[in-house]
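Let me begin by presenting the structure, written as structure tokens, before commenting on it.
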Amino acid sequence: MINMSEQAEAAMPIYFTDDAASKVKTLLEEEGNEQLKLRVYVTGGGCSGFQYGFTFDEKVNEGDFTVEKEGVQLVVDPMSLQYLMGGTVDYTSGLEGSRFFVNNPNATTTCGCGASFSV
């Protein structure tokens with residue numbers, strides 16, 4: 001059975017994982033600026049046509065989509081959101097290093113490193 005919070009989360013246009021939110025929270029505590037938000041965006045470029053970008057931003061612009069988890073926010077601009085619908089922003093740490101990444105169901109092809117995609 002799905003509870004109301006799981007239903008609301010499942011209906012979100014983009015999912016922000018617990019691991020990603022936890023890492024953002026840790027980074028903001030280290031930075032000492034809890035006003036920062038993780039912004040994910042899509043730009044042209046990369047070996048597959050589009051690439052993902054991540055930055056910390058204090059502002060939420062008009063039209064931005066936000067997801068809050070563990071007291072931190074993920075922010076996506078409307079143009080990027082159209083390419084990220086149904087996707088997941090996650091964080092991994094392993095032998096290849098540590099990074100935020102996007103699992104994007106809209107991507108028809110991706111490059112070997114997963115940083116760029118095409119639709």
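Naming works like this for the structure tokens: A, B, ... for the chains as they're shown, residue 1 at the start of each chain, ligands 1 onward in shown order.
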Worksheet entry | Shell around Arg39 of chain A at 7 Å using only C-alpha atoms, local window under 2 positions removed, as a ChimeraX atom specification | /A:37,41,54-57,74-76
Selection from above, all heavy atoms, as a compact mmCIF listing (two decimals), in the first residue's frame, can you write it?
# COMPACT_ATOMS: atom_id res chain seq x y z
N LYS A 37 20.92 26.12 -2.68
CA LYS A 37 20.11 25.03 -3.20
C LYS A 37 20.89 24.36 -4.32
O LYS A 37 21.67 25.00 -5.00
CB LYS A 37 18.78 25.58 -3.76
CG LYS A 37 17.90 26.26 -2.72
CD LYS A 37 17.37 27.58 -3.28
CE LYS A 37 16.57 28.38 -2.29
NZ LYS A 37 17.25 28.80 -1.09
N TYR A 41 20.63 21.46 -14.26
CA TYR A 41 20.21 22.08 -15.51
C TYR A 41 20.74 21.28 -16.70
O TYR A 41 21.62 20.43 -16.54
CB TYR A 41 20.68 23.54 -15.59
CG TYR A 41 22.18 23.71 -15.45
CD1 TYR A 41 23.00 23.73 -16.57
CD2 TYR A 41 22.78 23.83 -14.20
CE1 TYR A 41 24.38 23.87 -16.45
CE2 TYR A 41 24.15 23.98 -14.06
CZ TYR A 41 24.94 24.00 -15.19
OH TYR A 41 26.31 24.13 -15.07
N PHE A 54 25.37 20.81 -12.65
CA PHE A 54 24.98 20.97 -11.26
C PHE A 54 25.73 22.17 -10.70
O PHE A 54 26.92 22.33 -10.95
CB PHE A 54 25.36 19.73 -10.43
CG PHE A 54 24.65 18.48 -10.85
CD1 PHE A 54 25.21 17.62 -11.77
CD2 PHE A 54 23.41 18.17 -10.30
CE1 PHE A 54 24.56 16.47 -12.16
CE2 PHE A 54 22.75 17.01 -10.68
CZ PHE A 54 23.32 16.15 -11.61
N THR A 55 25.02 22.98 -9.94
CA THR A 55 25.64 24.12 -9.28
C THR A 55 24.86 24.42 -8.01
O THR A 55 23.73 23.96 -7.84
CB THR A 55 25.69 25.35 -10.21
OG1 THR A 55 26.48 26.37 -9.60
CG2 THR A 55 24.31 25.89 -10.50
N PHE A 56 25.46 25.18 -7.13
CA PHE A 56 24.74 25.66 -5.95
C PHE A 56 24.33 27.09 -6.20
O PHE A 56 25.09 27.89 -6.73
CB PHE A 56 25.60 25.53 -4.68
CG PHE A 56 25.69 24.11 -4.21
CD1 PHE A 56 26.81 23.34 -4.47
CD2 PHE A 56 24.64 23.54 -3.51
CE1 PHE A 56 26.88 22.04 -4.05
CE2 PHE A 56 24.70 22.23 -3.08
CZ PHE A 56 25.83 21.47 -3.36
N ASP A 57 23.09 27.41 -5.84
CA ASP A 57 22.50 28.70 -6.14
C ASP A 57 21.66 29.15 -4.95
O ASP A 57 20.97 28.33 -4.34
CB ASP A 57 21.61 28.56 -7.39
CG ASP A 57 21.20 29.87 -8.02
OD1 ASP A 57 21.34 30.93 -7.36
OD2 ASP A 57 20.72 29.84 -9.15
N LEU A 74 16.21 21.06 -4.20
CA LEU A 74 16.68 20.84 -5.57
C LEU A 74 15.87 21.81 -6.43
O LEU A 74 14.66 21.90 -6.28
CB LEU A 74 16.40 19.40 -6.00
CG LEU A 74 16.65 19.08 -7.47
CD1 LEU A 74 18.15 19.05 -7.76
CD2 LEU A 74 16.02 17.76 -7.84
N VAL A 75 16.54 22.53 -7.32
CA VAL A 75 15.89 23.53 -8.17
C VAL A 75 16.18 23.20 -9.64
O VAL A 75 17.31 22.87 -9.99
CB VAL A 75 16.43 24.95 -7.84
CG1 VAL A 75 15.77 25.99 -8.72
CG2 VAL A 75 16.25 25.27 -6.37
N VAL A 76 15.12 23.29 -10.47
CA VAL A 76 15.27 23.03 -11.90
C VAL A 76 14.52 24.12 -12.66
O VAL A 76 13.35 24.40 -12.36
CB VAL A 76 14.68 21.66 -12.30
CG1 VAL A 76 14.93 21.37 -13.78
CG2 VAL A 76 15.23 20.54 -11.43
Discussion item. Between A:Ser80, A:Gln73, A:Ser98, A:Asn33, which residue has the minimum interatomic distance to Gly53 of chain A, considering only C-alpha atoms?
Written reply: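 Using only C-alpha atoms, Gly53 of chain A sits closest to A:Ser80.
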Fill in: Atomic separation - atom CA of Thr66 of chain A relative to atom CA of Ala107 of chain A, Å
21.6 Å
Item to complete: Please provide as an NGL selection string all residues within 10 Å of Leu84 of chain A, with the sequence filter that same-chain residues fewer than 5 positions apart are discarded (counting only C-alpha atoms).
Response: :A and (13-15 or 40-42 or 52 or 76 or 78-79 or 89 or 102-107)
Fill in: d(atom CA of Thr92 of chain A, atom CA of Asn61 of chain A) in Å
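These two atoms are separated by 27.8 Å.
Atom CA of Glu62 of chain A sits 26.6 Å away from atom CA of Tyr91 of chain A.
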Discussion item. Considering only alpha helix (DSSP H) as DSSP defines it on the backbone, what residues of segment 13-101 of chain A qualify? List them as number ranges by chain.
Written reply: A: 18-31, 78-84
Item to complete: Check segment 4-119 of chain A with DSSP on the backbone and list each residue it calls strand (DSSP E), as JSON, numbers by chain.
Response: {"A": [14, 15, 16, 37, 38, 39, 40, 41, 42, 43, 44, 50, 51, 52, 53, 54, 55, 56, 57, 65, 66, 67, 68, 69, 72, 73, 74, 75, 76, 87, 88, 89, 90, 91, 92, 93, 94, 97, 98, 99, 100, 101, 102, 103, 109, 110, 116, 117, 118]}
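Closest approach to Lys59 of chain A among A:Gln35, A:Thr88, A:Gln82, A:Thr43: A:Gln35, based on only C-alpha atoms.
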